[in-house]
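Undergrad: Please see the structure below; I have some questions.
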Amino acid sequence: MPPREGVYGLLAEFNTPSELVHATEHAHRAGYRRMECYTPYPVEEAAEALRFHKTRIPLMCLMGGIMGLTTGFLLEMWINVWGYPLNIRGTPLFSWAAFVIPEYELTILFAGLSTAFGMIAQNGLPQLYHPLFNAPNFANGALNDKFFLCLEANDPRFSVTETRTFLEQFSPVSVVEVDH
Amino acid sequence: MALEHDNHGMELAGNAAHAGHGHHGPAVLPSVLTAPEVVKTWRLRALVVAVVFAAISALFLLTEDGRTHLLRAYLAGYMTCFNFVGGSLALLMVQYVSGGKWGLILRRPLEAMTRTFPLILVGILPILFLMKKLYLWAAYTTKAETLDAYHKGLITNEQHLDIDYRHVMLAPTPVIVQTVLVFGFISFMIWLLNRWSLKRDQDEAAGTLGSFDKWRVRFENVSGPAIVFYVIALTDFVIIFVKSLDIIWASSVYGLQFLVAQGYGTLAVGILTLILLSRYEPMKSLFRTTEQHDLGKLMFAFTMLNIYLTFAEFLIIWSGNIPDEITYYIHRIQGGWWTICTLDVICHWVIPFSILLSRDIKRSKNKMIWVATFMIGARMIDIFWLIEPAWNKTGDTLHLIGNYGILAYITVPVAMIALWAAYYLTQLSKRPLLNVNDPHTAELLEPEHAH
């Protein structure tokens, strides 16, 4: 992949979460979608303003669960019917009731793992480089007491000049242009 | 633009964020907290259903076969209602011990459900008077009688020996003593918790931290041990009146299975009540989607726990394959009963489980009304499957022709649940719908976050 160049986005810094949420809400209303909030602690209202709650994690969990169920069933079927058929106290080789526990365990295991790894993948992790750290005020502020809104350049509505004007109407501490 | 630039503190973050976000801040506690007038209409409808279905049920009195099934169906309906009352008491005590906003919003409906106990108290009388027709241990009360019945071929040798062996617990006098003890304990707890709940609101120091702590500790201290006693009492009660329909079979998880079924049914009724009430004040301002979601999750847990216990019991007995135990399942699986067994698994577990997996459905008011109603209906299938096959010795008791009495399992429980519902709604109108002297009251009025 060729190295990305140019502007990553515009980063607005706020002193309070309420300003951040306010600006995010307005940005959403103005049609911006490719944006992210960075806060030193979870701010639920910011997630709400980003309309963050519809993620693919539940689907991944469900798919993982179904895969686990199928794996458990096929595993038990193969072992008991073809792989190592054993006569256990005269019950049929295909005794589905006895298969349920391993199926259940594998369902939970696969669902849990796909949720955890799915979440990590959806977050874009592991990530060794993030352009935002090029902004001088970001690293220290986002870990302490500053609240950031980044409108990203890959948003169709993004324009270096207009977006800057848009962000400045919320009186941020600063608006920094972040390079890749 | 009224944004505060000097507001650096994290401690202000919550409120400040609300203000900047266009939220309105905490809602105001409605001035009238009693149930809306519409509850009376619902009660009238429930009564009409009860009368109509009772009238249809009365037709079964005309035939011998109808009369037999009528009594068994009465037991099914009685146990369904008992599960609502017992479950509400158990859940009431659990929420006092666990705390949480879901518990506060559900508290008054649960209390109203517990106060329908007089119906349960009176309802046991027909079963006690006619116990000879239902239970072998009541039909043959001495060793001489069981031996005689065995010689006449009325019972098997196994049944004869088991009845003799279990007479210490299962005979008319011990059963009445146990019923009195169980009902005594349950009614005392219901009386105490309902009384304290009113006193808590009338507390002179209401609204202070001291008052909150005093009542919280008091309720906790009583509820904790009482939950343990309740589980023991419940196990005893269901062994006597349901399990002993099959005198030979025994299962150590039987009481817990009913306990979970109680949570299942009671939560369905509770959620249904809250959602229907939330169309009107005061619940309109009090019942938030967050609490509905929490209750939905709890109900989902009970759905899962129910199949877990039921299936574990089956799996262990199926693996053991001992004649004494497996016959219980053979009677419930073979013949036409396979249909009912499958229907029970599908309606009582597969459908509610799959539906409640969805977060959106748990948060939707309209959809949850149907889910809760469906789950109450599923309880009726489950109790039918537990009770009626006890008389399935020949493997072909599930058919309609010449066996129309079996339809009583539909009409009688519906009539009883409707009657119970009418009584419940009466009780619900008697108190404010929210226990105000609780720190969670303020939290219920806060605006919601999207989670």
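How things are named: the first chain in the structure tokens is A, the next is B, and so on; residues count from 1 in each chain; ligands count from 1 in the order shown.
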Set the cut-off to 10 Å and count only C-alpha atoms: what are the residues of chain A that reach chain B? Output as an MDAnalysis selection string.
TA: chainID A and resid 14:26 40:41 43:49 51:53 58 62 88:89 91 97:98 100:101 145:146 169:173
Undergrad: Let's have the selection written as a PDB file, in the first residue's frame, with C-alpha atoms.
TA:
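File again.pdb, as written:
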```pdb
ATOM      1  CA  PHE A  14     -12.645  21.768  23.340  1.00  0.00           C
ATOM      2  CA  ASN A  15     -12.366  22.365  27.033  1.00  0.00           C
ATOM      3  CA  THR A  16     -15.628  20.712  28.051  1.00  0.00           C
ATOM      4  CA  PRO A  17     -17.547  17.639  26.971  1.00  0.00           C
ATOM      5  CA  SER A  18     -20.686  19.718  26.496  1.00  0.00           C
ATOM      6  CA  GLU A  19     -19.000  21.805  23.791  1.00  0.00           C
ATOM      7  CA  LEU A  20     -17.723  18.654  22.157  1.00  0.00           C
ATOM      8  CA  VAL A  21     -21.160  17.032  22.141  1.00  0.00           C
ATOM      9  CA  HIS A  22     -22.756  20.225  20.880  1.00  0.00           C
ATOM     10  CA  ALA A  23     -20.291  20.497  17.986  1.00  0.00           C
ATOM     11  CA  THR A  24     -20.609  16.789  17.160  1.00  0.00           C
ATOM     12  CA  GLU A  25     -24.368  17.015  17.101  1.00  0.00           C
ATOM     13  CA  HIS A  26     -24.235  19.988  14.728  1.00  0.00           C
ATOM     14  CA  PRO A  40     -10.041  11.276  28.213  1.00  0.00           C
ATOM     15  CA  TYR A  41     -12.921   9.206  29.651  1.00  0.00           C
ATOM     16  CA  VAL A  43     -18.696  10.387  27.349  1.00  0.00           C
ATOM     17  CA  GLU A  44     -21.897   8.564  26.489  1.00  0.00           C
ATOM     18  CA  GLU A  45     -23.505  11.614  24.960  1.00  0.00           C
ATOM     19  CA  ALA A  46     -20.632  11.885  22.498  1.00  0.00           C
ATOM     20  CA  ALA A  47     -21.219   8.286  21.391  1.00  0.00           C
ATOM     21  CA  GLU A  48     -24.875   9.142  21.060  1.00  0.00           C
ATOM     22  CA  ALA A  49     -24.140  12.235  19.000  1.00  0.00           C
ATOM     23  CA  ARG A  51     -24.807   7.642  16.273  1.00  0.00           C
ATOM     24  CA  PHE A  52     -22.217   5.108  17.256  1.00  0.00           C
ATOM     25  CA  HIS A  53     -24.490   2.366  18.563  1.00  0.00           C
ATOM     26  CA  PRO A  58     -23.905  -8.352  17.497  1.00  0.00           C
ATOM     27  CA  LEU A  62     -24.398 -14.379  16.248  1.00  0.00           C
ATOM     28  CA  ILE A  88     -22.432 -46.817  24.776  1.00  0.00           C
ATOM     29  CA  ARG A  89     -25.040 -48.717  26.825  1.00  0.00           C
ATOM     30  CA  THR A  91     -28.045 -46.102  22.686  1.00  0.00           C
ATOM     31  CA  ALA A  97     -29.179 -35.396  23.281  1.00  0.00           C
ATOM     32  CA  ALA A  98     -25.657 -36.296  24.328  1.00  0.00           C
ATOM     33  CA  VAL A 100     -25.922 -30.866  23.180  1.00  0.00           C
ATOM     34  CA  ILE A 101     -23.380 -30.017  25.885  1.00  0.00           C
ATOM     35  CA  ASP A 145      -8.582  17.164  30.178  1.00  0.00           C
ATOM     36  CA  LYS A 146      -9.298  18.035  26.553  1.00  0.00           C
ATOM     37  CA  GLN A 169     -18.286  28.720  14.946  1.00  0.00           C
ATOM     38  CA  PHE A 170     -18.285  26.477  18.062  1.00  0.00           C
ATOM     39  CA  SER A 171     -15.409  28.534  19.532  1.00  0.00           C
ATOM     40  CA  PRO A 172     -12.944  25.685  20.012  1.00  0.00           C
ATOM     41  CA  VAL A 173      -9.623  26.246  21.736  1.00  0.00           C
TER      42      VAL A 173
END
```
Undergrad: Near range 63-70 of chain A, counting only C-alpha atoms, which residues have an atom at most 7 Å away, once you skip same-chain residues fewer than 2 positions from it, shown as a list of chain:residue names?
TA: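 These residues fall inside the cut-off: A:Leu59, A:Met60, A:Cys61, A:Gly72, A:Phe73, A:Leu74, A:Glu103, A:Tyr104, A:Leu106, A:Thr107, A:Ile108, A:Phe110, A:Ala111, A:Ser114.
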Undergrad: Go ahead and dump the residues you just picked, all heavy atoms, as a CSV table (one decimal), in the first residue's frame.
TA:
```csv
chain,number,residue,atom,x,y,z
A,59,LEU,N,-23.9,-8.9,15.1
A,59,LEU,CA,-23.9,-9.9,14.0
A,59,LEU,C,-22.7,-10.9,14.1
A,59,LEU,O,-22.9,-12.1,13.9
A,59,LEU,CB,-23.9,-9.1,12.7
A,59,LEU,CG,-24.1,-10.0,11.5
A,59,LEU,CD1,-25.5,-10.6,11.4
A,59,LEU,CD2,-23.8,-9.1,10.2
A,60,MET,N,-21.6,-10.3,14.4
A,60,MET,CA,-20.4,-11.2,14.5
A,60,MET,C,-20.6,-12.2,15.6
A,60,MET,O,-20.2,-13.4,15.5
A,60,MET,CB,-19.2,-10.3,14.8
A,60,MET,CG,-18.7,-9.5,13.7
A,60,MET,SD,-17.3,-8.6,14.1
A,60,MET,CE,-16.8,-8.0,12.5
A,61,CYS,N,-21.1,-11.8,16.7
A,61,CYS,CA,-21.4,-12.7,17.9
A,61,CYS,C,-22.4,-13.8,17.4
A,61,CYS,O,-22.1,-15.0,17.7
A,61,CYS,CB,-22.0,-11.8,19.0
A,61,CYS,SG,-22.4,-12.8,20.4
A,72,GLY,N,-19.6,-27.9,16.7
A,72,GLY,CA,-19.9,-28.8,17.8
A,72,GLY,C,-20.7,-30.0,17.3
A,72,GLY,O,-20.3,-31.2,17.6
A,73,PHE,N,-21.7,-29.7,16.5
A,73,PHE,CA,-22.6,-30.8,16.0
A,73,PHE,C,-21.8,-31.7,15.1
A,73,PHE,O,-21.8,-32.9,15.2
A,73,PHE,CB,-23.8,-30.2,15.3
A,73,PHE,CG,-24.7,-31.2,14.7
A,73,PHE,CD1,-25.5,-31.9,15.5
A,73,PHE,CD2,-24.7,-31.4,13.3
A,73,PHE,CE1,-26.4,-32.9,14.9
A,73,PHE,CE2,-25.5,-32.3,12.7
A,73,PHE,CZ,-26.4,-33.1,13.5
A,74,LEU,N,-21.1,-31.1,14.1
A,74,LEU,CA,-20.4,-31.9,13.1
A,74,LEU,C,-19.3,-32.7,13.8
A,74,LEU,O,-19.1,-33.9,13.5
A,74,LEU,CB,-19.7,-31.0,12.1
A,74,LEU,CG,-20.8,-30.4,11.1
A,74,LEU,CD1,-20.1,-29.5,10.1
A,74,LEU,CD2,-21.6,-31.4,10.4
A,103,GLU,N,-21.9,-29.0,22.0
A,103,GLU,CA,-22.4,-27.9,21.0
A,103,GLU,C,-22.6,-26.6,21.8
A,103,GLU,O,-22.2,-25.5,21.3
A,103,GLU,CB,-23.8,-28.4,20.5
A,103,GLU,CG,-23.7,-29.4,19.4
A,103,GLU,CD,-25.1,-30.0,19.1
A,103,GLU,OE1,-26.1,-29.4,19.5
A,103,GLU,OE2,-25.1,-31.1,18.6
A,104,TYR,N,-23.2,-26.7,22.9
A,104,TYR,CA,-23.5,-25.5,23.7
A,104,TYR,C,-22.2,-24.8,24.1
A,104,TYR,O,-22.0,-23.6,23.9
A,104,TYR,CB,-24.2,-26.0,25.0
A,104,TYR,CG,-24.5,-24.9,26.0
A,104,TYR,CD1,-25.4,-23.9,25.8
A,104,TYR,CD2,-24.0,-25.0,27.3
A,104,TYR,CE1,-25.7,-23.0,26.7
A,104,TYR,CE2,-24.2,-24.1,28.3
A,104,TYR,CZ,-25.1,-23.1,28.0
A,104,TYR,OH,-25.4,-22.1,28.9
A,106,LEU,N,-19.2,-25.0,22.6
A,106,LEU,CA,-18.5,-24.5,21.5
A,106,LEU,C,-19.3,-23.2,20.9
A,106,LEU,O,-18.7,-22.3,20.4
A,106,LEU,CB,-18.4,-25.5,20.3
A,106,LEU,CG,-17.3,-26.5,20.6
A,106,LEU,CD1,-17.2,-27.5,19.4
A,106,LEU,CD2,-16.0,-25.9,20.8
A,107,THR,N,-20.6,-23.2,21.1
A,107,THR,CA,-21.4,-22.0,20.7
A,107,THR,C,-20.9,-20.8,21.5
A,107,THR,O,-20.6,-19.8,20.9
A,107,THR,CB,-22.9,-22.2,20.9
A,107,THR,OG1,-23.3,-23.4,20.3
A,107,THR,CG2,-23.7,-21.1,20.4
A,108,ILE,N,-20.8,-21.0,22.8
A,108,ILE,CA,-20.4,-19.9,23.7
A,108,ILE,C,-19.0,-19.5,23.4
A,108,ILE,O,-18.6,-18.3,23.2
A,108,ILE,CB,-20.6,-20.3,25.1
A,108,ILE,CG1,-22.0,-20.5,25.5
A,108,ILE,CG2,-19.9,-19.3,26.1
A,108,ILE,CD1,-22.3,-21.0,26.8
A,110,PHE,N,-17.1,-19.9,20.6
A,110,PHE,CA,-17.0,-19.2,19.3
A,110,PHE,C,-17.6,-17.8,19.3
A,110,PHE,O,-17.1,-16.9,18.8
A,110,PHE,CB,-17.6,-20.1,18.2
A,110,PHE,CG,-16.7,-21.1,17.6
A,110,PHE,CD1,-16.0,-21.9,18.5
A,110,PHE,CD2,-16.6,-21.4,16.3
A,110,PHE,CE1,-15.1,-22.9,18.1
A,110,PHE,CE2,-15.7,-22.4,15.8
A,110,PHE,CZ,-15.0,-23.2,16.7
A,111,ALA,N,-18.8,-17.7,20.0
A,111,ALA,CA,-19.5,-16.4,20.0
A,111,ALA,C,-18.6,-15.5,20.8
A,111,ALA,O,-18.5,-14.3,20.4
A,111,ALA,CB,-20.9,-16.6,20.7
A,114,SER,N,-15.4,-14.6,18.7
A,114,SER,CA,-15.7,-13.7,17.6
A,114,SER,C,-16.1,-12.3,18.0
A,114,SER,O,-15.8,-11.4,17.3
A,114,SER,CB,-16.7,-14.4,16.6
A,114,SER,OG,-17.9,-14.7,17.3
```
Undergrad: DSSP on the backbone, then: every residue of chain A marked strand (DSSP E), written as a list in words.
TA: Val7, Tyr8, Gly9, Leu10, Leu11, Ala12, Glu13, Phe14, Met35, Glu36, Cys37, Tyr38, Phe147, Phe148, Leu149, Cys150, Leu151, Glu152, Ser174, Val175, Val176, Glu177, Val178 and Asp179 of chain A
Undergrad: Just the selected residues (N, CA, C and O atoms), exported as a compact mmCIF listing (two decimals), in the first residue's frame, please.
TA:
```txt
# COMPACT_ATOMS: atom_id res chain seq x y z
N VAL A 7 -4.05 15.67 3.80
CA VAL A 7 -4.73 16.00 5.07
C VAL A 7 -5.52 14.80 5.57
O VAL A 7 -6.27 14.18 4.82
N TYR A 8 -5.34 14.46 6.84
CA TYR A 8 -6.16 13.40 7.45
C TYR A 8 -7.50 13.96 7.90
O TYR A 8 -8.54 13.34 7.73
N GLY A 9 -7.46 15.16 8.47
CA GLY A 9 -8.70 15.77 8.93
C GLY A 9 -8.43 17.05 9.70
O GLY A 9 -7.28 17.47 9.83
N LEU A 10 -9.53 17.60 10.20
CA LEU A 10 -9.39 18.80 11.03
C LEU A 10 -9.77 18.46 12.46
O LEU A 10 -10.83 17.87 12.71
N LEU A 11 -8.88 18.81 13.35
CA LEU A 11 -9.07 18.42 14.75
C LEU A 11 -9.42 19.63 15.59
O LEU A 11 -8.61 20.57 15.69
N ALA A 12 -10.61 19.64 16.15
CA ALA A 12 -11.02 20.77 16.99
C ALA A 12 -10.87 20.38 18.45
O ALA A 12 -11.25 19.28 18.85
N GLU A 13 -10.30 21.27 19.24
CA GLU A 13 -10.07 20.97 20.65
C GLU A 13 -11.06 21.77 21.51
O GLU A 13 -11.24 22.96 21.29
N PHE A 14 -11.70 21.09 22.44
CA PHE A 14 -12.64 21.77 23.34
C PHE A 14 -12.24 21.55 24.79
O PHE A 14 -11.57 20.57 25.13
N MET A 35 -16.37 11.03 11.15
CA MET A 35 -15.82 11.87 12.22
C MET A 35 -15.67 11.02 13.47
O MET A 35 -16.25 9.93 13.57
N GLU A 36 -14.90 11.51 14.39
CA GLU A 36 -14.67 10.75 15.61
C GLU A 36 -14.42 11.71 16.76
O GLU A 36 -13.84 12.78 16.58
N CYS A 37 -14.89 11.30 17.96
CA CYS A 37 -14.63 12.10 19.16
C CYS A 37 -13.52 11.41 19.96
O CYS A 37 -13.48 10.18 20.03
N TYR A 38 -12.67 12.21 20.56
CA TYR A 38 -11.61 11.65 21.42
C TYR A 38 -11.69 12.32 22.78
O TYR A 38 -11.60 13.54 22.87
N PHE A 147 -11.10 17.71 25.02
CA PHE A 147 -12.09 16.92 24.29
C PHE A 147 -11.98 17.28 22.81
O PHE A 147 -12.06 18.46 22.46
N PHE A 148 -11.76 16.27 21.98
CA PHE A 148 -11.46 16.53 20.57
C PHE A 148 -12.54 15.99 19.65
O PHE A 148 -13.07 14.91 19.87
N LEU A 149 -12.78 16.77 18.61
CA LEU A 149 -13.63 16.28 17.53
C LEU A 149 -12.80 16.35 16.25
O LEU A 149 -12.24 17.40 15.93
N CYS A 150 -12.72 15.22 15.57
CA CYS A 150 -11.96 15.22 14.31
C CYS A 150 -12.92 14.97 13.15
O CYS A 150 -13.60 13.94 13.11
N LEU A 151 -13.02 15.91 12.24
CA LEU A 151 -13.79 15.69 11.01
C LEU A 151 -12.79 15.23 9.96
O LEU A 151 -11.82 15.93 9.66
N GLU A 152 -13.02 14.04 9.44
CA GLU A 152 -12.00 13.42 8.61
C GLU A 152 -12.12 13.83 7.14
O GLU A 152 -13.22 14.08 6.64
N SER A 174 -8.76 25.36 19.67
CA SER A 174 -7.97 25.42 18.44
C SER A 174 -8.57 24.49 17.41
O SER A 174 -9.29 23.56 17.75
N VAL A 175 -8.27 24.78 16.13
CA VAL A 175 -8.60 23.83 15.07
C VAL A 175 -7.30 23.54 14.34
O VAL A 175 -6.67 24.44 13.80
N VAL A 176 -6.87 22.29 14.39
CA VAL A 176 -5.56 21.94 13.83
C VAL A 176 -5.77 21.08 12.59
O VAL A 176 -6.60 20.17 12.60
N GLU A 177 -5.02 21.39 11.55
CA GLU A 177 -5.06 20.54 10.36
C GLU A 177 -4.08 19.39 10.58
O GLU A 177 -2.90 19.61 10.85
N VAL A 178 -4.59 18.18 10.47
CA VAL A 178 -3.74 17.02 10.76
C VAL A 178 -3.33 16.35 9.47
O VAL A 178 -4.18 16.04 8.64
N ASP A 179 -2.03 16.14 9.31
CA ASP A 179 -1.54 15.45 8.11
C ASP A 179 -1.43 13.95 8.35
O ASP A 179 -1.32 13.49 9.48
```
Undergrad: Rank nothing, just name the residue among B:Ala250, B:Met368, B:Asp382, B:Ile239 nearest to Ile307 in chain B, using only C-alpha atoms.
TA: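 Ranking B:Ala250, B:Met368, B:Asp382, B:Ile239 by distance to Ile307 in chain B, first place goes to B:Asp382.
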Undergrad: Just want the 12 Å neighbourhood of Asn157 in chain B, counted on only C-alpha atoms, with same-chain residues fewer than 4 positions away dropped. Output as a list in words.
TA: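 The neighbour list is Thr146, Leu147, Asp148, Ala149, Tyr150, His151, Lys152, Gly153, Leu161, Asp162, Ile163, Asp164, Ile247 and Ile248 of chain B.
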Undergrad: Output N, CA, C and O atoms for every residue in that selection, as a PDB file, in the first residue's frame.
TA:
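Saved to result-v2.pdb:
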```
ATOM      1  N   THR B 146     -53.023 -49.713  50.103  1.00  0.00           N
ATOM      2  CA  THR B 146     -52.146 -49.833  48.925  1.00  0.00           C
ATOM      3  C   THR B 146     -51.997 -51.299  48.530  1.00  0.00           C
ATOM      4  O   THR B 146     -52.035 -51.624  47.341  1.00  0.00           O
ATOM      5  N   LEU B 147     -51.848 -52.177  49.530  1.00  0.00           N
ATOM      6  CA  LEU B 147     -51.706 -53.612  49.238  1.00  0.00           C
ATOM      7  C   LEU B 147     -52.952 -54.137  48.531  1.00  0.00           C
ATOM      8  O   LEU B 147     -52.869 -54.856  47.532  1.00  0.00           O
ATOM      9  N   ASP B 148     -54.102 -53.699  49.035  1.00  0.00           N
ATOM     10  CA  ASP B 148     -55.367 -54.107  48.448  1.00  0.00           C
ATOM     11  C   ASP B 148     -55.468 -53.638  46.986  1.00  0.00           C
ATOM     12  O   ASP B 148     -55.842 -54.406  46.100  1.00  0.00           O
ATOM     13  N   ALA B 149     -55.087 -52.365  46.782  1.00  0.00           N
ATOM     14  CA  ALA B 149     -55.151 -51.816  45.422  1.00  0.00           C
ATOM     15  C   ALA B 149     -54.208 -52.570  44.502  1.00  0.00           C
ATOM     16  O   ALA B 149     -54.523 -52.813  43.330  1.00  0.00           O
ATOM     17  N   TYR B 150     -53.062 -52.958  45.037  1.00  0.00           N
ATOM     18  CA  TYR B 150     -52.104 -53.718  44.236  1.00  0.00           C
ATOM     19  C   TYR B 150     -52.685 -55.074  43.852  1.00  0.00           C
ATOM     20  O   TYR B 150     -52.605 -55.498  42.694  1.00  0.00           O
ATOM     21  N   HIS B 151     -53.318 -55.750  44.849  1.00  0.00           N
ATOM     22  CA  HIS B 151     -53.915 -57.052  44.566  1.00  0.00           C
ATOM     23  C   HIS B 151     -55.037 -56.943  43.540  1.00  0.00           C
ATOM     24  O   HIS B 151     -55.231 -57.832  42.717  1.00  0.00           O
ATOM     25  N   LYS B 152     -55.766 -55.827  43.593  1.00  0.00           N
ATOM     26  CA  LYS B 152     -56.854 -55.653  42.619  1.00  0.00           C
ATOM     27  C   LYS B 152     -56.328 -55.224  41.246  1.00  0.00           C
ATOM     28  O   LYS B 152     -57.107 -55.053  40.310  1.00  0.00           O
ATOM     29  N   GLY B 153     -55.032 -54.967  41.153  1.00  0.00           N
ATOM     30  CA  GLY B 153     -54.448 -54.566  39.876  1.00  0.00           C
ATOM     31  C   GLY B 153     -54.631 -53.086  39.553  1.00  0.00           C
ATOM     32  O   GLY B 153     -54.474 -52.673  38.402  1.00  0.00           O
ATOM     33  N   LEU B 161     -45.203 -49.973  46.582  1.00  0.00           N
ATOM     34  CA  LEU B 161     -44.085 -49.817  47.513  1.00  0.00           C
ATOM     35  C   LEU B 161     -43.720 -48.341  47.696  1.00  0.00           C
ATOM     36  O   LEU B 161     -43.434 -47.891  48.812  1.00  0.00           O
ATOM     37  N   ASP B 162     -43.751 -47.606  46.580  1.00  0.00           N
ATOM     38  CA  ASP B 162     -43.389 -46.185  46.666  1.00  0.00           C
ATOM     39  C   ASP B 162     -44.387 -45.380  47.493  1.00  0.00           C
ATOM     40  O   ASP B 162     -43.998 -44.494  48.261  1.00  0.00           O
ATOM     41  N   ILE B 163     -45.662 -45.688  47.330  1.00  0.00           N
ATOM     42  CA  ILE B 163     -46.671 -44.952  48.104  1.00  0.00           C
ATOM     43  C   ILE B 163     -46.446 -45.205  49.593  1.00  0.00           C
ATOM     44  O   ILE B 163     -46.416 -44.264  50.405  1.00  0.00           O
ATOM     45  N   ASP B 164     -46.231 -46.472  49.949  1.00  0.00           N
ATOM     46  CA  ASP B 164     -45.983 -46.794  51.355  1.00  0.00           C
ATOM     47  C   ASP B 164     -44.775 -46.034  51.892  1.00  0.00           C
ATOM     48  O   ASP B 164     -44.799 -45.464  52.973  1.00  0.00           O
ATOM     49  N   ILE B 247     -45.956 -40.942  41.267  1.00  0.00           N
ATOM     50  CA  ILE B 247     -45.498 -41.256  42.623  1.00  0.00           C
ATOM     51  C   ILE B 247     -44.096 -41.849  42.635  1.00  0.00           C
ATOM     52  O   ILE B 247     -43.352 -41.701  43.617  1.00  0.00           O
ATOM     53  N   ILE B 248     -43.678 -42.483  41.546  1.00  0.00           N
ATOM     54  CA  ILE B 248     -42.391 -43.189  41.555  1.00  0.00           C
ATOM     55  C   ILE B 248     -41.233 -42.246  41.287  1.00  0.00           C
ATOM     56  O   ILE B 248     -40.195 -42.313  41.912  1.00  0.00           O
TER      57      ILE B 248
END
```
Undergrad: For range 109-114 of chain B, find every residue with an atom within 10 Å (counting only C-alpha atoms), except residues of its own chain fewer than 3 positions away, and show them as a ChimeraX atom specification.
TA: /B:81-82,84-93,103-106,117-118,186-187,189-191,193-194,197,266-267,269-271,273-274,420-421,423-431,433-434
Undergrad: Quick check for you: according to DSSP on this backbone, which residues of range 14-54 of chain A are classed as alpha helix (DSSP H)? Reply as an mmCIF file with N, CA and C atoms, in the first residue's frame.
TA:
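states00.cif, freshly written:
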```
data_model
loop_
_atom_site.group_PDB
_atom_site.id
_atom_site.type_symbol
_atom_site.label_atom_id
_atom_site.label_comp_id
_atom_site.auth_asym_id
_atom_site.auth_seq_id
_atom_site.Cartn_x
_atom_site.Cartn_y
_atom_site.Cartn_z
ATOM 1 N N PRO A 17 -16.819 18.626 27.758
ATOM 2 C CA PRO A 17 -17.547 17.639 26.971
ATOM 3 C C PRO A 17 -18.813 18.220 26.354
ATOM 4 N N SER A 18 -19.434 19.193 27.043
ATOM 5 C CA SER A 18 -20.686 19.718 26.496
ATOM 6 C C SER A 18 -20.441 20.421 25.172
ATOM 7 N N GLU A 19 -19.329 21.145 25.062
ATOM 8 C CA GLU A 19 -19.000 21.805 23.791
ATOM 9 C C GLU A 19 -18.742 20.761 22.713
ATOM 10 N N LEU A 20 -18.031 19.721 23.110
ATOM 11 C CA LEU A 20 -17.723 18.654 22.157
ATOM 12 C C LEU A 20 -19.007 18.037 21.610
ATOM 13 N N VAL A 21 -19.920 17.692 22.530
ATOM 14 C CA VAL A 21 -21.160 17.032 22.141
ATOM 15 C C VAL A 21 -21.985 17.961 21.257
ATOM 16 N N HIS A 22 -22.017 19.222 21.644
ATOM 17 C CA HIS A 22 -22.756 20.225 20.880
ATOM 18 C C HIS A 22 -22.232 20.288 19.439
ATOM 19 N N ALA A 23 -20.906 20.391 19.311
ATOM 20 C CA ALA A 23 -20.291 20.497 17.986
ATOM 21 C C ALA A 23 -20.533 19.213 17.188
ATOM 22 N N THR A 24 -20.412 18.070 17.853
ATOM 23 C CA THR A 24 -20.609 16.789 17.160
ATOM 24 C C THR A 24 -22.028 16.683 16.624
ATOM 25 N N GLU A 25 -22.957 17.065 17.484
ATOM 26 C CA GLU A 25 -24.368 17.015 17.101
ATOM 27 C C GLU A 25 -24.616 17.882 15.858
ATOM 28 N N HIS A 26 -24.045 19.084 15.863
ATOM 29 C CA HIS A 26 -24.235 19.988 14.728
ATOM 30 C C HIS A 26 -23.538 19.464 13.484
ATOM 31 N N ALA A 27 -22.375 18.857 13.678
ATOM 32 C CA ALA A 27 -21.645 18.307 12.523
ATOM 33 C C ALA A 27 -22.470 17.196 11.887
ATOM 34 N N HIS A 28 -23.101 16.384 12.735
ATOM 35 C CA HIS A 28 -23.936 15.299 12.205
ATOM 36 C C HIS A 28 -25.104 15.877 11.431
ATOM 37 N N ARG A 29 -25.692 16.927 12.025
ATOM 38 C CA ARG A 29 -26.832 17.554 11.357
ATOM 39 C C ARG A 29 -26.411 18.184 10.028
ATOM 40 N N GLU A 44 -20.840 9.296 27.200
ATOM 41 C CA GLU A 44 -21.897 8.564 26.489
ATOM 42 C C GLU A 44 -22.626 9.440 25.483
ATOM 43 N N GLU A 45 -22.784 10.710 25.858
ATOM 44 C CA GLU A 45 -23.505 11.614 24.960
ATOM 45 C C GLU A 45 -22.758 11.801 23.651
ATOM 46 N N ALA A 46 -21.418 11.735 23.726
ATOM 47 C CA ALA A 46 -20.632 11.885 22.498
ATOM 48 C C ALA A 46 -20.890 10.699 21.578
ATOM 49 N N ALA A 47 -20.929 9.490 22.182
ATOM 50 C CA ALA A 47 -21.219 8.286 21.391
ATOM 51 C C ALA A 47 -22.597 8.413 20.760
ATOM 52 N N GLU A 48 -23.509 8.973 21.553
ATOM 53 C CA GLU A 48 -24.875 9.142 21.060
ATOM 54 C C GLU A 48 -24.902 10.128 19.895
ATOM 55 N N ALA A 49 -24.161 11.223 20.045
ATOM 56 C CA ALA A 49 -24.140 12.235 19.000
ATOM 57 C C ALA A 49 -23.506 11.699 17.725
#
```
